[in-house]
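Chemist: Sharing data-v3.tsv (TSV, C-alpha atoms and all ligand atoms) below.
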```tsv
chain	number	residue	atom	x	y	z
F	1	MET	CA	-11.38	-1.14	-25.72
F	2	SER	CA	-14.73	0.56	-25.49
F	3	ARG	CA	-14.52	4.34	-25.23
F	4	ASP	CA	-17.56	4.74	-23.09
F	5	GLY	CA	-17.18	1.76	-20.78
F	6	THR	CA	-16.55	2.00	-17.08
F	7	ILE	CA	-13.08	1.08	-15.87
F	8	ALA	CA	-12.59	-1.22	-12.88
F	9	ILE	CA	-9.60	-0.57	-10.66
F	10	ILE	CA	-8.67	-3.43	-8.33
F	11	GLY	CA	-6.89	-2.14	-5.25
F	12	ALA	CA	-7.40	1.08	-3.29
F	13	GLY	CA	-3.75	1.62	-2.37
F	14	ILE	CA	-1.88	4.70	-3.54
F	15	ALA	CA	-1.41	3.30	-7.08
F	16	GLY	CA	-5.08	2.49	-7.58
F	17	ALA	CA	-6.08	5.82	-6.04
F	18	ALA	CA	-3.73	7.78	-8.32
F	19	ALA	CA	-5.09	6.00	-11.40
F	20	ALA	CA	-8.68	6.48	-10.26
F	21	ARG	CA	-8.26	10.20	-9.61
F	22	ARG	CA	-6.55	10.84	-12.96
F	23	LEU	CA	-9.13	8.87	-14.96
F	24	ARG	CA	-12.04	10.54	-13.19
F	25	GLU	CA	-10.52	13.97	-13.81
F	26	ALA	CA	-10.39	13.02	-17.49
F	27	GLY	CA	-14.11	12.28	-17.37
F	28	ARG	CA	-13.94	8.48	-17.30
F	29	GLU	CA	-16.33	6.38	-15.24
F	30	ILE	CA	-14.45	4.28	-12.71
F	31	VAL	CA	-15.18	1.84	-9.91
F	32	VAL	CA	-12.50	0.97	-7.34
F	33	LEU	CA	-12.76	-2.35	-5.50
F	34	ASP	CA	-10.61	-3.35	-2.53
F	35	LYS	CA	-10.69	-6.39	-0.31
F	36	GLY	CA	-9.69	-4.38	2.77
F	37	ARG	CA	-12.01	-2.63	5.18
F	38	ALA	CA	-10.82	0.82	4.10
F	39	PRO	CA	-8.65	2.38	1.38
F	40	GLY	CA	-4.90	2.73	1.89
F	41	GLY	CA	-3.35	-0.66	1.21
F	42	ARG	CA	0.14	-0.68	2.70
F	43	MET	CA	-0.32	2.97	3.74
F	44	ALA	CA	-2.21	1.78	6.75
F	45	THR	CA	-3.09	2.51	10.35
F	46	ARG	CA	-4.03	-0.27	12.77
F	47	ARG	CA	-6.28	0.50	15.74
F	48	GLY	CA	-5.47	-0.96	19.15
F	49	PRO	CA	-7.42	-0.83	22.44
F	50	ASP	CA	-8.12	2.49	24.20
F	51	GLY	CA	-7.86	4.54	21.02
F	52	LEU	CA	-4.29	3.45	20.24
F	53	ARG	CA	-3.24	3.80	16.61
F	54	PHE	CA	-0.19	2.55	14.79
F	55	ASP	CA	0.97	3.25	11.25
F	56	HIS	CA	2.05	-0.33	10.77
F	57	GLY	CA	2.89	-0.25	7.05
F	58	ALA	CA	4.70	2.53	5.19
F	59	GLN	CA	6.41	4.88	7.65
F	60	TYR	CA	6.91	7.96	5.50
F	61	PHE	CA	7.14	8.92	1.84
F	62	THR	CA	9.55	10.91	-0.28
F	63	ALA	CA	8.62	13.35	-3.05
F	64	ARG	CA	11.22	13.78	-5.78
F	65	ASP	CA	9.26	13.70	-9.03
F	66	PRO	CA	7.68	17.09	-9.90
F	67	ARG	CA	4.24	15.50	-10.27
F	68	PHE	CA	4.37	13.93	-6.82
F	69	ILE	CA	6.00	17.02	-5.29
F	70	ALA	CA	3.01	19.07	-6.49
F	71	ARG	CA	0.62	16.53	-5.01
F	72	VAL	CA	2.44	16.44	-1.66
F	73	GLU	CA	2.54	20.25	-1.51
F	74	ASP	CA	-1.22	20.30	-2.01
F	75	TRP	CA	-1.71	17.67	0.72
F	76	THR	CA	0.54	19.61	3.06
F	77	THR	CA	-1.35	22.86	2.47
F	78	ARG	CA	-4.64	21.13	3.24
F	79	GLY	CA	-3.40	19.18	6.29
F	80	VAL	CA	-3.53	15.78	4.58
F	81	ALA	CA	0.25	15.32	4.93
F	82	ALA	CA	3.05	16.86	6.98
F	83	PRO	CA	6.85	16.69	7.14
F	84	TRP	CA	8.29	14.12	9.56
F	85	GLY	CA	11.50	12.23	10.13
F	86	GLY	CA	14.06	14.14	8.07
F	87	PRO	CA	14.56	16.10	4.86
F	88	ASP	CA	12.14	15.18	2.06
F	89	ARG	CA	10.10	12.90	4.29
F	90	HIS	CA	6.37	13.20	4.73
F	91	VAL	CA	3.59	11.34	6.49
F	92	GLY	CA	-0.16	11.32	6.01
F	93	THR	CA	-2.11	13.10	8.76
F	94	PRO	CA	-3.74	12.02	10.96
F	95	GLY	CA	-2.72	8.59	9.60
F	96	MET	CA	-0.80	7.18	6.66
F	97	ALA	CA	-3.93	6.39	4.65
F	98	ALA	CA	-5.09	10.03	4.58
F	99	PRO	CA	-3.48	10.85	1.18
F	100	VAL	CA	-5.10	7.78	-0.39
F	101	ARG	CA	-8.48	8.70	1.05
F	102	ASP	CA	-8.01	12.21	-0.29
F	103	LEU	CA	-7.34	10.98	-3.84
F	104	LEU	CA	-10.43	8.77	-3.68
F	105	ASP	CA	-12.70	11.41	-2.18
F	106	GLY	CA	-16.03	11.46	-4.00
F	107	LEU	CA	-15.22	8.45	-6.22
F	108	ASP	CA	-17.04	5.11	-6.38
F	109	VAL	CA	-14.95	3.03	-3.97
F	110	GLN	CA	-16.22	-0.34	-2.78
F	111	CYS	CA	-14.26	-1.83	0.14
F	112	GLY	CA	-14.65	-5.32	1.57
F	113	ARG	CA	-14.79	-6.66	-2.01
F	114	ALA	CA	-12.18	-9.34	-2.70
F	115	VAL	CA	-12.00	-9.88	-6.45
F	116	GLY	CA	-11.37	-13.58	-7.08
F	117	ARG	CA	-12.03	-13.92	-10.80
F	118	LEU	CA	-12.04	-11.95	-14.02
F	119	ALA	CA	-14.24	-13.23	-16.84
F	120	ARG	CA	-14.31	-12.08	-20.46
F	121	ASP	CA	-17.79	-11.33	-21.75
F	122	GLY	CA	-17.54	-10.33	-25.40
F	123	ARG	CA	-15.26	-7.26	-25.38
F	124	ALA	CA	-16.00	-6.51	-21.73
F	125	TRP	CA	-14.88	-7.83	-18.35
F	126	ARG	CA	-17.00	-8.97	-15.43
F	127	LEU	CA	-15.69	-9.37	-11.88
F	128	ALA	CA	-16.58	-12.00	-9.32
F	129	GLU	CA	-15.58	-13.16	-5.86
F	130	ALA	CA	-13.64	-16.42	-5.61
F	131	ASP	CA	-16.91	-18.38	-5.22
F	132	GLY	CA	-18.32	-16.85	-8.40
F	133	THR	CA	-20.59	-14.25	-6.76
F	134	ALA	CA	-20.83	-11.27	-9.10
F	135	LEU	CA	-19.18	-8.02	-7.98
F	136	ALA	CA	-20.08	-4.40	-8.80
F	137	ASP	CA	-23.68	-5.46	-9.53
F	138	GLY	CA	-22.47	-7.60	-12.42
F	139	ALA	CA	-21.33	-4.52	-14.36
F	140	ALA	CA	-19.39	-4.93	-17.61
F	141	PHE	CA	-16.05	-3.09	-17.66
F	142	SER	CA	-14.09	-1.95	-20.69
F	143	ALA	CA	-10.77	-2.18	-18.81
F	144	VAL	CA	-9.53	-3.72	-15.57
F	145	LEU	CA	-6.54	-2.09	-13.90
F	146	LEU	CA	-4.85	-4.40	-11.39
F	147	THR	CA	-2.93	-2.61	-8.65
F	148	CYS	CA	-2.56	-5.44	-6.11
F	149	PRO	CA	0.86	-6.93	-5.34
F	150	SER	CA	1.96	-9.15	-8.21
F	151	PRO	CA	1.12	-12.58	-6.67
F	152	GLN	CA	-2.48	-11.42	-6.23
F	153	THR	CA	-2.46	-9.84	-9.70
F	154	LEU	CA	-1.10	-13.07	-11.20
F	155	ALA	CA	-3.90	-15.09	-9.61
F	156	LEU	CA	-6.49	-12.77	-11.14
F	157	LEU	CA	-4.83	-12.86	-14.57
F	158	GLU	CA	-4.70	-16.66	-14.42
F	159	SER	CA	-8.39	-16.82	-13.51
F	160	ALA	CA	-9.04	-15.24	-16.92
F	161	GLY	CA	-6.37	-17.19	-18.81
F	162	GLN	CA	-4.46	-13.92	-19.37
F	163	ALA	CA	-0.87	-12.81	-18.84
F	164	LEU	CA	0.97	-9.51	-18.63
F	165	PRO	CA	4.68	-10.14	-19.28
F	166	GLY	CA	6.79	-9.00	-16.34
F	167	VAL	CA	4.26	-9.41	-13.54
F	168	ALA	CA	5.50	-12.88	-12.60
F	169	GLU	CA	9.10	-11.64	-12.16
F	170	VAL	CA	8.27	-9.10	-9.43
F	171	ALA	CA	9.62	-10.19	-6.03
F	172	TYR	CA	8.82	-8.87	-2.55
F	173	ALA	CA	10.45	-9.11	0.87
F	174	PRO	CA	8.11	-9.84	3.78
F	175	CYS	CA	8.01	-7.77	6.96
F	176	TRP	CA	6.84	-8.54	10.48
F	177	THR	CA	5.69	-5.36	12.23
F	178	LEU	CA	5.57	-4.90	16.01
F	179	MET	CA	3.01	-2.43	17.41
F	180	LEU	CA	3.70	-1.65	21.06
F	181	ALA	CA	2.37	0.77	23.69
F	182	HIS	CA	4.29	1.14	26.94
F	183	ASP	CA	4.54	3.35	30.02
F	184	GLY	CA	8.16	4.38	29.53
F	185	PRO	CA	9.33	7.74	28.22
F	186	PRO	CA	8.61	8.43	24.54
F	187	LEU	CA	11.46	7.84	22.12
F	188	PRO	CA	13.09	10.87	20.46
F	189	GLY	CA	11.33	12.20	17.34
F	190	GLY	CA	12.16	10.59	14.01
F	191	PRO	CA	13.39	7.06	13.45
F	192	VAL	CA	15.53	5.65	16.25
F	193	ARG	CA	16.81	2.84	14.07
F	194	GLU	CA	16.73	2.76	10.29
F	195	ASP	CA	18.62	-0.01	8.61
F	196	ARG	CA	16.27	-1.84	6.29
F	197	ASP	CA	19.01	-4.01	4.78
F	198	SER	CA	20.31	-5.15	8.11
F	199	SER	CA	20.50	-8.80	9.02
F	200	ALA	CA	19.76	-7.79	12.61
F	201	THR	CA	16.36	-8.71	14.03
F	202	ILE	CA	14.95	-5.19	13.97
F	203	ALA	CA	15.51	-2.86	11.01
F	204	TRP	CA	13.27	0.10	11.92
F	205	ILE	CA	12.09	1.68	15.19
F	206	ALA	CA	10.04	4.88	15.54
F	207	GLU	CA	7.79	6.55	18.07
F	208	ASN	CA	4.42	6.50	16.30
F	209	GLY	CA	2.83	9.03	18.65
F	210	GLY	CA	5.56	11.52	17.75
F	211	LYS	CA	4.35	11.87	14.17
F	212	PRO	CA	2.28	14.98	13.41
F	213	GLY	CA	-1.42	14.70	14.11
F	214	ARG	CA	-1.08	11.54	16.19
F	215	ALA	CA	-2.19	11.37	19.81
F	216	GLY	CA	-0.33	9.43	22.42
F	217	ASP	CA	3.31	9.00	23.23
F	218	GLY	CA	4.72	5.64	24.14
F	219	THR	CA	3.48	4.00	20.94
F	220	ILE	CA	6.27	2.33	19.03
F	221	VAL	CA	6.28	0.76	15.58
F	222	ALA	CA	9.20	-1.57	14.85
F	223	HIS	CA	9.81	-3.50	11.65
F	224	ALA	CA	11.75	-6.74	11.67
F	225	SER	CA	14.44	-6.99	9.00
F	226	PRO	CA	13.60	-8.77	5.73
F	227	ALA	CA	15.98	-11.61	6.68
F	228	TRP	CA	14.39	-12.16	10.10
F	229	SER	CA	10.88	-11.79	8.68
F	230	ARG	CA	11.60	-14.42	6.04
F	231	VAL	CA	12.86	-16.95	8.57
F	232	HIS	CA	9.86	-16.37	10.86
F	233	LEU	CA	7.27	-15.86	8.12
F	234	GLU	CA	4.95	-18.70	9.14
F	235	CYS	CA	5.32	-18.27	12.93
F	236	ALA	CA	2.29	-17.34	15.04
F	237	ALA	CA	1.79	-13.59	15.52
F	238	ASP	CA	1.86	-13.85	19.35
F	239	ASP	CA	5.15	-15.70	19.24
F	240	VAL	CA	6.63	-13.14	16.85
F	241	ALA	CA	5.44	-10.26	19.04
F	242	GLU	CA	7.14	-11.78	22.08
F	243	ARG	CA	10.43	-12.28	20.24
F	244	LEU	CA	10.37	-8.76	18.78
F	245	VAL	CA	9.68	-7.20	22.20
F	246	GLY	CA	12.70	-9.09	23.52
F	247	ALA	CA	14.86	-7.73	20.70
F	248	LEU	CA	13.45	-4.21	21.13
F	249	ARG	CA	14.31	-4.17	24.86
F	250	ASN	CA	17.96	-4.60	23.93
F	251	ILE	CA	17.83	-1.41	21.84
F	252	VAL	CA	15.48	1.07	23.56
F	253	PRO	CA	14.25	1.51	27.16
F	254	LEU	CA	10.73	0.13	27.58
F	255	GLY	CA	8.31	0.69	30.50
F	256	GLY	CA	5.39	-1.55	31.43
F	257	ILE	CA	3.78	-2.87	28.27
F	258	ARG	CA	0.14	-1.78	27.77
F	259	HIS	CA	-0.40	-3.36	24.36
F	260	CYS	CA	1.59	-5.35	21.88
F	261	ALA	CA	0.71	-7.11	18.64
F	262	ALA	CA	2.47	-8.24	15.48
F	263	HIS	CA	1.29	-7.96	11.88
F	264	ARG	CA	2.72	-9.94	8.97
F	265	TRP	CA	3.15	-8.21	5.63
F	266	ARG	CA	3.73	-11.04	3.19
F	267	TYR	CA	4.46	-8.60	0.34
F	268	ALA	CA	6.07	-5.58	2.01
F	269	ALA	CA	8.93	-4.18	-0.05
F	270	VAL	CA	9.59	-4.83	-3.73
F	271	GLU	CA	13.01	-6.46	-4.22
F	272	ARG	CA	12.75	-6.88	-7.99
F	273	ALA	CA	10.51	-4.55	-10.01
F	274	VAL	CA	9.29	-4.70	-13.62
F	275	GLY	CA	11.39	-1.64	-14.44
F	276	GLU	CA	8.64	0.10	-16.43
F	277	PRO	CA	6.11	2.63	-15.14
F	278	CYS	CA	3.18	0.29	-15.83
F	279	LEU	CA	1.96	-2.58	-18.00
F	280	PHE	CA	-1.06	-2.33	-20.29
F	281	ALA	CA	-2.48	-4.56	-23.01
F	282	PRO	CA	-4.76	-2.40	-25.16
F	283	GLY	CA	-6.28	-5.43	-26.85
F	284	THR	CA	-7.75	-6.75	-23.64
F	285	GLY	CA	-7.89	-3.58	-21.56
F	286	LEU	CA	-5.91	-5.26	-18.76
F	287	GLY	CA	-3.26	-3.25	-16.93
F	288	PHE	CA	-0.92	-3.51	-13.96
F	289	ALA	CA	0.39	-0.69	-11.76
F	290	GLY	CA	1.86	-0.37	-8.28
F	291	ASP	CA	5.22	-0.47	-6.58
F	292	GLY	CA	5.91	-3.72	-8.44
F	293	CYS	CA	6.52	-1.63	-11.55
F	294	LEU	CA	9.11	0.94	-10.41
F	295	GLY	CA	10.19	-0.10	-6.91
F	296	PRO	CA	9.46	-0.10	-3.20
F	297	ARG	CA	8.22	3.39	-2.49
F	298	VAL	CA	4.91	5.13	-2.05
F	299	GLU	CA	6.05	7.71	-4.58
F	300	PHE	CA	6.86	5.07	-7.20
F	301	ALA	CA	3.49	3.40	-6.68
F	302	TYR	CA	1.75	6.77	-7.15
F	303	LEU	CA	3.68	7.47	-10.36
F	304	SER	CA	2.92	3.98	-11.64
F	305	GLY	CA	-0.82	4.45	-11.08
F	306	LEU	CA	-0.63	7.78	-12.86
F	307	ALA	CA	1.28	6.23	-15.78
F	308	LEU	CA	-1.33	3.51	-16.19
F	309	ALA	CA	-4.15	6.04	-16.26
F	310	GLU	CA	-2.28	7.99	-18.95
F	311	ARG	CA	-1.83	4.81	-21.02
F	312	VAL	CA	-5.55	4.08	-20.84
F	313	LEU	CA	-6.39	7.65	-21.85
F	314	ALA	CA	-3.86	7.57	-24.71
F	315	GLU	CA	-5.40	4.36	-26.10
F	316	ALA	CA	-8.86	5.87	-26.06
F	317	ALA	CA	-7.74	9.12	-27.74
Q	1	LIG	C1	6.09	-2.55	6.55
Q	1	LIG	C2	6.21	-1.64	5.37
Q	1	LIG	C3	7.01	-0.51	5.44
Q	1	LIG	C4	7.11	0.36	4.36
Q	1	LIG	N1	7.82	1.50	4.49
Q	1	LIG	C5	7.82	2.39	3.46
Q	1	LIG	C6	8.39	3.68	3.64
Q	1	LIG	O1	8.84	4.05	4.73
Q	1	LIG	N2	8.39	4.52	2.56
Q	1	LIG	C7	7.83	4.19	1.36
Q	1	LIG	O2	7.84	5.01	0.42
Q	1	LIG	N3	7.27	2.98	1.20
Q	1	LIG	C8	7.23	2.09	2.21
Q	1	LIG	N4	6.62	0.89	2.06
Q	1	LIG	C9	6.14	0.52	0.72
Q	1	LIG	C10	4.83	1.22	0.38
Q	1	LIG	O3	3.89	1.03	1.40
Q	1	LIG	C11	4.30	0.64	-0.91
Q	1	LIG	O4	5.31	0.73	-1.92
Q	1	LIG	C12	3.05	1.31	-1.45
Q	1	LIG	O5	2.16	1.65	-0.42
Q	1	LIG	C13	2.40	0.36	-2.45
Q	1	LIG	O6	1.19	0.89	-2.93
Q	1	LIG	P1	0.34	0.06	-3.99
Q	1	LIG	O7	-0.86	0.86	-4.30
Q	1	LIG	O8	1.22	-0.34	-5.12
Q	1	LIG	O9	-0.04	-1.32	-3.27
Q	1	LIG	P2	-0.91	-1.56	-1.96
Q	1	LIG	O10	-0.81	-0.43	-1.03
Q	1	LIG	O11	-0.52	-2.91	-1.46
Q	1	LIG	O12	-2.41	-1.61	-2.50
Q	1	LIG	C14	-2.95	-2.77	-3.10
Q	1	LIG	C15	-4.38	-2.94	-2.66
Q	1	LIG	O13	-4.94	-4.07	-3.37
Q	1	LIG	C16	-5.86	-4.68	-2.51
Q	1	LIG	N5	-6.06	-6.04	-3.00
Q	1	LIG	C17	-5.17	-7.06	-3.09
Q	1	LIG	N6	-5.74	-8.14	-3.63
Q	1	LIG	C18	-7.03	-7.81	-3.90
Q	1	LIG	C19	-8.13	-8.52	-4.47
Q	1	LIG	N7	-8.02	-9.78	-4.88
Q	1	LIG	N8	-9.33	-7.88	-4.59
Q	1	LIG	C20	-9.47	-6.59	-4.17
Q	1	LIG	N9	-8.44	-5.87	-3.62
Q	1	LIG	C21	-7.25	-6.48	-3.50
Q	1	LIG	C22	-5.21	-4.62	-1.14
Q	1	LIG	O14	-6.19	-4.75	-0.12
Q	1	LIG	C23	-4.55	-3.24	-1.17
Q	1	LIG	O15	-5.37	-2.26	-0.58
Q	1	LIG	C24	6.46	0.02	3.14
Q	1	LIG	C25	5.64	-1.10	3.07
Q	1	LIG	C26	5.50	-1.93	4.18
Q	1	LIG	C27	4.56	-3.10	4.11
```
Would it be possible to restate this file's structure as structure tokens?
Ligand SMILES: Cc1cc2nc3c(=O)[nH]c(=O)nc-3n(C[C@H](O)[C@H](O)[C@H](O)COP(=O)(O)OP(=O)(O)OC[C@H]3O[C@@H](n4cnc5c(N)ncnc54)[C@H](O)[C@@H]3O)c2cc1C

Modeler:
Amino acid sequence: MSRDGTIAIIGAGIAGAAAARRLREAGREIVVLDKGRAPGGRMATRRGPDGLRFDHGAQYFTARDPRFIARVEDWTTRGVAAPWGGPDRHVGTPGMAAPVRDLLDGLDVQCGRAVGRLARDGRAWRLAEADGTALADGAAFSAVLLTCPSPQTLALLESAGQALPGVAEVAYAPCWTLMLAHDGPPLPGGPVREDRDSSATIAWIAENGGKPGRAGDGTIVAHASPAWSRVHLECAADDVAERLVGALRNIVPLGGIRHCAAHRWRYAAVERAVGEPCLFAPGTGLGFAGDGCLGPRVEFAYLSGLALAERVLAEAA
């Protein structure tokens, strides 16, 4: 691995952002590429009509590791995060992506860039879209840190004829999310239903507008259970939204519906993780981090990104 080379980080979720921030603080040149319109990954906020906003991915995060506790305390002091929903629970403010944006502040982040191929060029890596169009101005990278969910990571590794043992074993549960605005009374603060392992249709219900820094009551986010989401994975979003509204009506009082939409997360929650903080092959400079390494939590994804950055720095030392 070249000492002076720039490092490419694929994925601007919390894992990629944690790795990017740590490497930049250590003086390394980094470029972060993400296929989405904005950083955040599964820490995401979806806009609806009339200024409606829904945190449709991660609902809150815990902070139990001292390194993440320190980070969350800093975010809380600066208004980037706030407590919500119970002891040791936090949300980004004004939306769930705020902590990711904070970590990436001032860094070279290129969104709307879907990496489709990795190609070895001597001891360096070049990145391209699926159709072969060069990315990052054709730059050569000394290391490529993959922080996408494992199926997307596997596809990129295969494009380069590479493997990182363990990535293929990671398994995810899908999740259909309902985003709904209605004219009825707002739900009580905190989660109204929280039973992620349930075989019932709906596993999670919360008033989105009741989270700190959000405007607008009467905005509900509901997650279908993994079992229901799996069965309905390939259904049309409109059909799913209608079914989930029907199920929601049996649980909470709803007024006239102003907006409703469903979003499918194909890789929502890790069901089987690698069991190591990160994967890194010093010979090739390829690494993998994210919740696929330690488990289905924002905090674990952050710690995994941090661990990968430390591995890269240790190799270069
Ligand atoms: C519905 C739902 C509810 C959840 N609830 C909670 C919760 O309450 N608490 C909690 O702690 N966790 C929760 N999670 C899990 C949590 O969101 C994740 O563990 C965490 O955000 C994962 O971060 P990450 O950086 O590993 O991956 P991601 O956030 O998925 O980031 C990966 C990034 O890679 C990008 N990418 C993928 N492929 C490519 C490519 N080819 N080229 C460029 N970019 C690419 C994606 O656009 C994405 O931005 C939930 C997740 C979902 C979906």

Chemist: Residues near region 46-55 of chain F, anyone? I mean within 7 Å using only C-alpha atoms, not counting same-chain ones fewer than 3 positions away, as a ChimeraX atom specification.

Modeler: /F:59,95-96,179,208,221

Chemist: Store the residues of this selection in a file with C-alpha atoms, as a short mmCIF file (atom, residue, chain, number, x, y, z; two decimals), in the frame of the given file.

Modeler:
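The resulting file, again-v4.cif, is reproduced below:
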```cif
data_model
loop_
_atom_site.label_atom_id
_atom_site.label_comp_id
_atom_site.auth_asym_id
_atom_site.auth_seq_id
_atom_site.Cartn_x
_atom_site.Cartn_y
_atom_site.Cartn_z
CA GLN F 59 6.41 4.88 7.65
CA GLY F 95 -2.72 8.59 9.60
CA MET F 96 -0.80 7.18 6.66
CA MET F 179 3.01 -2.43 17.41
CA ASN F 208 4.42 6.50 16.30
CA VAL F 221 6.28 0.76 15.58
#
```

Chemist: Neighbours of Ala20 (chain F) within 10 Å (all atoms listed in the file; same-chain residues fewer than 3 positions away dropped), as a CSV table (one decimal) with C-alpha atoms, keeping the file's coordinate frame?

Modeler:
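What landed in part39.csv:
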```csv
chain,number,residue,atom,x,y,z
F,7,ILE,CA,-13.1,1.1,-15.9
F,8,ALA,CA,-12.6,-1.2,-12.9
F,9,ILE,CA,-9.6,-0.6,-10.7
F,12,ALA,CA,-7.4,1.1,-3.3
F,14,ILE,CA,-1.9,4.7,-3.5
F,15,ALA,CA,-1.4,3.3,-7.1
F,16,GLY,CA,-5.1,2.5,-7.6
F,17,ALA,CA,-6.1,5.8,-6.0
F,23,LEU,CA,-9.1,8.9,-15.0
F,24,ARG,CA,-12.0,10.5,-13.2
F,25,GLU,CA,-10.5,14.0,-13.8
F,26,ALA,CA,-10.4,13.0,-17.5
F,28,ARG,CA,-13.9,8.5,-17.3
F,29,GLU,CA,-16.3,6.4,-15.2
F,30,ILE,CA,-14.4,4.3,-12.7
F,31,VAL,CA,-15.2,1.8,-9.9
F,32,VAL,CA,-12.5,1.0,-7.3
F,103,LEU,CA,-7.3,11.0,-3.8
F,104,LEU,CA,-10.4,8.8,-3.7
F,107,LEU,CA,-15.2,8.4,-6.2
F,108,ASP,CA,-17.0,5.1,-6.4
F,109,VAL,CA,-15.0,3.0,-4.0
F,145,LEU,CA,-6.5,-2.1,-13.9
F,305,GLY,CA,-0.8,4.4,-11.1
F,306,LEU,CA,-0.6,7.8,-12.9
F,308,LEU,CA,-1.3,3.5,-16.2
F,309,ALA,CA,-4.2,6.0,-16.3
```

Chemist: Between F:Asp65, F:Asp131, F:Asp102, F:Asp183, which residue has the minimum interatomic distance to Pro253 (chain F), considering all atoms listed in the file?

Modeler: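 Of F:Asp65, F:Asp131, F:Asp102, F:Asp183, the one nearest Pro253 (chain F) is F:Asp183, counting all atoms listed in the file.
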
Chemist: When distances are computed from only C-alpha atoms, which of F:Ser304, F:Ser142, F:Thr201, F:Gln110 shows the smallest separation from Leu286 (chain F)?

Modeler: F:Ser142

Chemist: Compile the contact shell of Arg230 (chain F) as a ChimeraX atom specification: residues with an atom at most 12 Å away, counting all atoms listed in the file, same-chain residues fewer than 2 positions apart removed.

Modeler: /F:172-176,199,201,224-228,232-235,240,264-268

Chemist: With a distance cut-off of 12 Å and all atoms listed in the file, select the neighbouring residues of Val80 (chain F), excluding the residue or stretch itself and same-chain residues fewer than 5 positions from it, and output the selection as JSON, numbers by chain.

Modeler: {"F": [71, 72, 73, 74, 75, 90, 91, 92, 93, 94, 95, 96, 97, 98, 99, 100, 101, 102, 103, 212, 213]}

Chemist: Generate the output file for the selected residues, C-alpha atoms, as a CSV table (one decimal), keeping the file's coordinate frame.

Modeler:
```
chain,number,residue,atom,x,y,z
F,71,ARG,CA,0.6,16.5,-5.0
F,72,VAL,CA,2.4,16.4,-1.7
F,73,GLU,CA,2.5,20.2,-1.5
F,74,ASP,CA,-1.2,20.3,-2.0
F,75,TRP,CA,-1.7,17.7,0.7
F,90,HIS,CA,6.4,13.2,4.7
F,91,VAL,CA,3.6,11.3,6.5
F,92,GLY,CA,-0.2,11.3,6.0
F,93,THR,CA,-2.1,13.1,8.8
F,94,PRO,CA,-3.7,12.0,11.0
F,95,GLY,CA,-2.7,8.6,9.6
F,96,MET,CA,-0.8,7.2,6.7
F,97,ALA,CA,-3.9,6.4,4.6
F,98,ALA,CA,-5.1,10.0,4.6
F,99,PRO,CA,-3.5,10.8,1.2
F,100,VAL,CA,-5.1,7.8,-0.4
F,101,ARG,CA,-8.5,8.7,1.0
F,102,ASP,CA,-8.0,12.2,-0.3
F,103,LEU,CA,-7.3,11.0,-3.8
F,212,PRO,CA,2.3,15.0,13.4
F,213,GLY,CA,-1.4,14.7,14.1
```

Chemist: Rounded to one decimal in Å, what is the spacing between CA of Asp239 (chain F) and CA of Leu180 (chain F)?

Modeler: 14.2 Å

Chemist: Any idea what the distance is between atom C15 of ligand LIG 1 (chain Q) and CA of Lys35 (chain F)?

Modeler: 7.6 Å

Chemist: Enter the distance from atom C4 of ligand LIG 1 (chain Q) to CA of Ala171 (chain F), in Å, rounded to one decimal.

Modeler: 15.0 Å

Chemist: Kindly assemble as CSV a list of the region 74-177 of chain F residues that lie within 12 Å of region 276-279 of chain F, each paired with its nearest atom pair and their distance in Å to one decimal, using only C-alpha atoms, sorted first by chain and then by ascending residue number.

Modeler:
```
residue,atom,partner,partner_atom,distance
F:Val144,CA,F:Leu279,CA,11.8
F:Leu145,CA,F:Leu279,CA,9.4
F:Leu146,CA,F:Leu279,CA,9.7
F:Thr147,CA,F:Cys278,CA,9.9
F:Ser150,CA,F:Leu279,CA,11.8
F:Thr153,CA,F:Leu279,CA,11.9
F:Ala163,CA,F:Leu279,CA,10.6
F:Leu164,CA,F:Leu279,CA,7.0
F:Pro165,CA,F:Leu279,CA,8.1
F:Gly166,CA,F:Leu279,CA,8.2
F:Val167,CA,F:Leu279,CA,8.5
F:Val170,CA,F:Glu276,CA,11.6
```

Chemist: As AutoDock Vina command-line options, please: the centre and edge lengths in Å, to one decimal, of an axis-aligned box enclosing every listed atom of region 204-220 of chain F with 5 Å added on each side.

Modeler:
```
--center_x 5.5 --center_y 7.5 --center_z 18.0 --size_x 25.5 --size_y 24.9 --size_z 22.2
```

Chemist: Have a look at F:Val192, F:Ala82, F:Ile257, F:Ala269 and name the one nearest to ligand LIG 1 (chain Q); count all atoms listed in the file.

Modeler: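 Result for the nearest residue to ligand LIG 1 (chain Q): F:Ala269.
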
Chemist: Could you name the residues that touch Ala222 (chain F) at 8 Å or less, counting all atoms listed in the file, but leaving out those on the same chain fewer than 3 positions away, as a VMD selection string?

Modeler: chain F and resid 177 to 179 202 to 206

Chemist: Could you dump the residues just selected with C-alpha atoms as a PDB file, keeping the file's coordinate frame?

Modeler:
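Written file, out_25.pdb:
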```
ATOM      1  CA  THR F 177       5.690  -5.360  12.230  1.00  0.00           C
ATOM      2  CA  LEU F 178       5.570  -4.900  16.010  1.00  0.00           C
ATOM      3  CA  MET F 179       3.010  -2.430  17.410  1.00  0.00           C
ATOM      4  CA  ILE F 202      14.950  -5.190  13.970  1.00  0.00           C
ATOM      5  CA  ALA F 203      15.510  -2.860  11.010  1.00  0.00           C
ATOM      6  CA  TRP F 204      13.270   0.100  11.920  1.00  0.00           C
ATOM      7  CA  ILE F 205      12.090   1.680  15.190  1.00  0.00           C
ATOM      8  CA  ALA F 206      10.040   4.880  15.540  1.00  0.00           C
TER       9      ALA F 206
END
```

Chemist: For each of F:Gln152, F:Thr6, F:Thr45, F:Thr133, take the minimum atom-to-atom distance to ligand LIG 1 (chain Q), counting all atoms listed in the file, then give the residue where this is smallest.

Modeler: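 For ligand LIG 1 (chain Q), the nearest of the candidates is F:Gln152.
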